[in-house]
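Remarks on the structure that follows.
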Amino acid sequence: MEQQTTLRNLGKSDLKITPIGLGCWQFSKQGNLAGKFWPSLEDELIRDIVRVSLEGGINWFDTAEVYGHGASEKILAKSLDALGQKPGDVIIATKWWPIFRNASSIVKTIEDRLACLSPYPIDLYQVHQPWGFSSEVKEMEAMAALVRSKKVSYVGVSNFPAKMMRSAWETLQRSGINLVSNQVPYSLLNRKIESNGILDTAKELGITIIAYSPLAQGLVTGKFHDDPELLKNIGFRKYSSHFKPQGMEKSRPVAETVKKLAAKYQVTPSQVALNWLINFHGDMVVAIPGATKVKHAAENTGAMKFRLIPEDLNLLDEVSRGFKA
């Protein structure tokens, strides 16, 4: 039986988001090195992916400056506008790229981000990596300045370890601002945040975990286990040990369990994997799968239309704990 999608607060903010958002890295148009990870998608296809995401109930989109050097932001805004979405109808998250930069760049480049996303405001602005020339303290002070000047609404981080996440939270607290999210890799085949302090610290501080690579680049669905021929067309992923024969055998028990549950619930394997992510820890984890095809977007939204029973959530927990990367 289909259930109604319930909105969740993003951290300690008044932003109400769906448990699934759309990750938009794949809209990069091969605009820079980061963008070359994906094929260049046609404008019409991107618009259709955004449309199906909206029709399926998704109300937020995550992009970044480094995704094609603004190309993803621009085509996302163009698509939303073409679909009749007004500023405020959807929630936009984007990210500042810190590599070879210091914190002053956060304020200096904000007009570029706003221009790329125009007419849509930046609801969530995130520091993309913890590797800038400035400390997280200086970066959060710059982010606080943007909140005070109403250039952005809320602040998040991405890929921050627990200690830096806490420091970022403490810095923003001095300005009366909450750190609302940390965007990190998390899936049934990558549960490192459960043992390295990130998840525990996020729970303690009321910070939402935004899970990226929630399908472990497709590995958790079992499609590569079922059809090894697909491995010939996976780009950079083929160099990962996870996609080598030995790695594939390690992940097979997880993929097989996901497929069995997909048959039980009459959904797809990806929907089972996403449903586990957004429900196993209550409301504190949301996910941002991408989509390069319209059917992917429809699958993403379908992951919000049912709920795995506790017994099956725990089964996936148990079998995936046995997976060692």
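In the structure tokens, the first chain shown is A, the next is B, and so on; residue numbers restart at 1 for each chain, and ligands run from 1 in the order shown.
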As a ChimeraX atom specification, please: all residues of stretch 57-128 of chain A that backbone DSSP puts in alpha helix (DSSP H). /A:71-82,104-108,110-117
Those selected residues, please, written with C-alpha atoms and delivered as a JSON list (two decimals), in the first residue's frame.
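Output file result-v9.json follows:
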```
[["chain", "number", "residue", "atom", "x", "y", "z"],
["A", 71, "ALA", "CA", 26.94, 24.29, -15.40],
["A", 72, "SER", "CA", 24.81, 22.09, -13.14],
["A", 73, "GLU", "CA", 23.48, 25.09, -11.22],
["A", 74, "LYS", "CA", 22.57, 26.91, -14.44],
["A", 75, "ILE", "CA", 20.73, 24.03, -16.12],
["A", 76, "LEU", "CA", 18.93, 23.16, -12.89],
["A", 77, "ALA", "CA", 17.63, 26.73, -12.61],
["A", 78, "LYS", "CA", 16.75, 26.81, -16.30],
["A", 79, "SER", "CA", 14.84, 23.52, -15.99],
["A", 80, "LEU", "CA", 12.92, 24.59, -12.88],
["A", 81, "ASP", "CA", 11.97, 27.87, -14.54],
["A", 82, "ALA", "CA", 10.78, 26.08, -17.70],
["A", 104, "SER", "CA", 37.39, 35.03, 1.98],
["A", 105, "SER", "CA", 36.38, 33.34, -1.29],
["A", 106, "ILE", "CA", 33.07, 32.29, 0.29],
["A", 107, "VAL", "CA", 31.87, 35.89, 0.41],
["A", 108, "LYS", "CA", 33.65, 36.98, -2.78],
["A", 110, "ILE", "CA", 28.53, 34.21, -3.56],
["A", 111, "GLU", "CA", 27.20, 36.51, -6.28],
["A", 112, "ASP", "CA", 28.46, 34.04, -8.90],
["A", 113, "ARG", "CA", 26.50, 31.25, -7.22],
["A", 114, "LEU", "CA", 23.36, 33.37, -7.00],
["A", 115, "ALA", "CA", 23.73, 34.38, -10.66],
["A", 116, "CYS", "CA", 24.03, 30.76, -11.79],
["A", 117, "LEU", "CA", 20.93, 29.77, -9.82]]
```
Determine, counting only C-alpha atoms, which protein, DNA and RNA residues have an atom within 12 Å of an atom of A:Gly247; residues of the same chain fewer than 5 positions away are not included. Present the result as a short mmCIF file (atom, residue, chain, number, x, y, z; two decimals) with N, CA and C atoms, in the first residue's frame.
```cif
data_model
loop_
_atom_site.label_atom_id
_atom_site.label_comp_id
_atom_site.auth_asym_id
_atom_site.auth_seq_id
_atom_site.Cartn_x
_atom_site.Cartn_y
_atom_site.Cartn_z
N LEU A 189 26.61 -0.41 1.56
CA LEU A 189 27.96 -0.91 1.33
C LEU A 189 29.04 0.07 1.77
N LEU A 219 26.23 -0.58 -7.21
CA LEU A 219 26.67 -1.91 -6.80
C LEU A 219 25.66 -2.61 -5.90
N PHE A 224 25.19 -5.43 -11.49
CA PHE A 224 26.50 -5.81 -12.01
C PHE A 224 26.84 -7.26 -11.67
N HIS A 225 26.30 -7.74 -10.54
CA HIS A 225 26.49 -9.14 -10.17
C HIS A 225 25.73 -10.04 -11.15
N LYS A 238 35.42 1.32 -12.94
CA LYS A 238 36.04 0.02 -13.19
C LYS A 238 37.40 -0.11 -12.50
N TYR A 239 37.99 1.01 -12.08
CA TYR A 239 39.28 0.96 -11.41
C TYR A 239 39.15 0.72 -9.91
N SER A 240 37.92 0.78 -9.41
CA SER A 240 37.68 0.56 -7.98
C SER A 240 37.76 -0.92 -7.65
N SER A 241 38.34 -1.24 -6.51
CA SER A 241 38.45 -2.65 -6.08
C SER A 241 37.07 -3.27 -5.88
N HIS A 242 36.06 -2.44 -5.59
CA HIS A 242 34.71 -2.96 -5.36
C HIS A 242 34.14 -3.61 -6.62
N ARG A 252 28.17 -9.44 -2.78
CA ARG A 252 27.06 -10.24 -3.31
C ARG A 252 25.98 -10.55 -2.27
N PRO A 253 26.32 -10.94 -1.02
CA PRO A 253 25.26 -11.25 -0.05
C PRO A 253 24.33 -10.06 0.21
N PHE A 323 29.57 -6.97 5.53
CA PHE A 323 30.35 -6.57 4.36
C PHE A 323 31.56 -5.75 4.81
N LYS A 324 32.73 -6.16 4.38
CA LYS A 324 33.95 -5.41 4.69
C LYS A 324 34.55 -4.88 3.38
N ALA A 325 34.60 -3.57 3.28
CA ALA A 325 35.10 -2.96 2.04
C ALA A 325 36.57 -3.29 1.82
#
```
Excluding A:Ala103 and residues on its chain fewer than 4 positions from it, collect all residues at most 10 Å away from it, counting only C-alpha atoms, and give them as number ranges by chain. A: 96, 98, 107-108, 127, 132-143
For the structure I just gave you, how does DSSP split stretch 35-192 of chain A - specifically, which residues are strand (DSSP E or B)? Reply as a PyMOL selection string. chain A and resi 60-62+91-96+122-127+152-158+179-185+187+190
Contact residues around stretch 166-178 of chain A with only C-alpha atoms at 10 Å, ignoring same-chain residues under 2 positions, as JSON, numbers by chain: {"A": [11, 12, 13, 135, 136, 137, 138, 139, 140, 141, 142, 143, 144, 145, 147, 148, 154, 155, 156, 157, 160, 161, 162, 163, 164, 180, 181, 198, 201, 202, 204, 205, 206, 207]}
Hey, what's within 6 Å of stretch 53-68 of chain A if we count only C-alpha atoms and toss same-chain stuff fewer than 4 positions away? As a list in words, please? Thr18, Gly21, Leu22, Gly23, Cys24, Trp25, Ser28, Gln30, Gly31, Asn32, Gly35, Ser72, Val90, Ile91, Ile92, Ala93, Thr94, Lys95, Trp96, Ala297 and Thr301 of chain A
What is the distance between atom CA of A:Arg307 and atom CA of A:Gly218, in Å to one decimal?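 Going from atom CA of A:Arg307 over to atom CA of A:Gly218, I get 20.8 Å.
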Counting only C-alpha atoms, what is within 6 Å of A:Pro269, bar same-chain residues fewer than 5 positions away, as an NGL selection string? :A and (221 or 258-259 or 262)
Just the residues within 9 Å of stretch 317-320 of chain A, please, counting only C-alpha atoms, with nothing from its chain fewer than 3 positions along; format it as an NGL selection string. :A and (188-191 or 251 or 253-254 or 257 or 276 or 280 or 312-314 or 323-324)
For each of A:Pro19, A:Lys223, A:Asp123, A:Asn159, take the minimum atom-to-atom distance to A:His281, counting only C-alpha atoms, then give the residue where this is smallest. A:Pro19
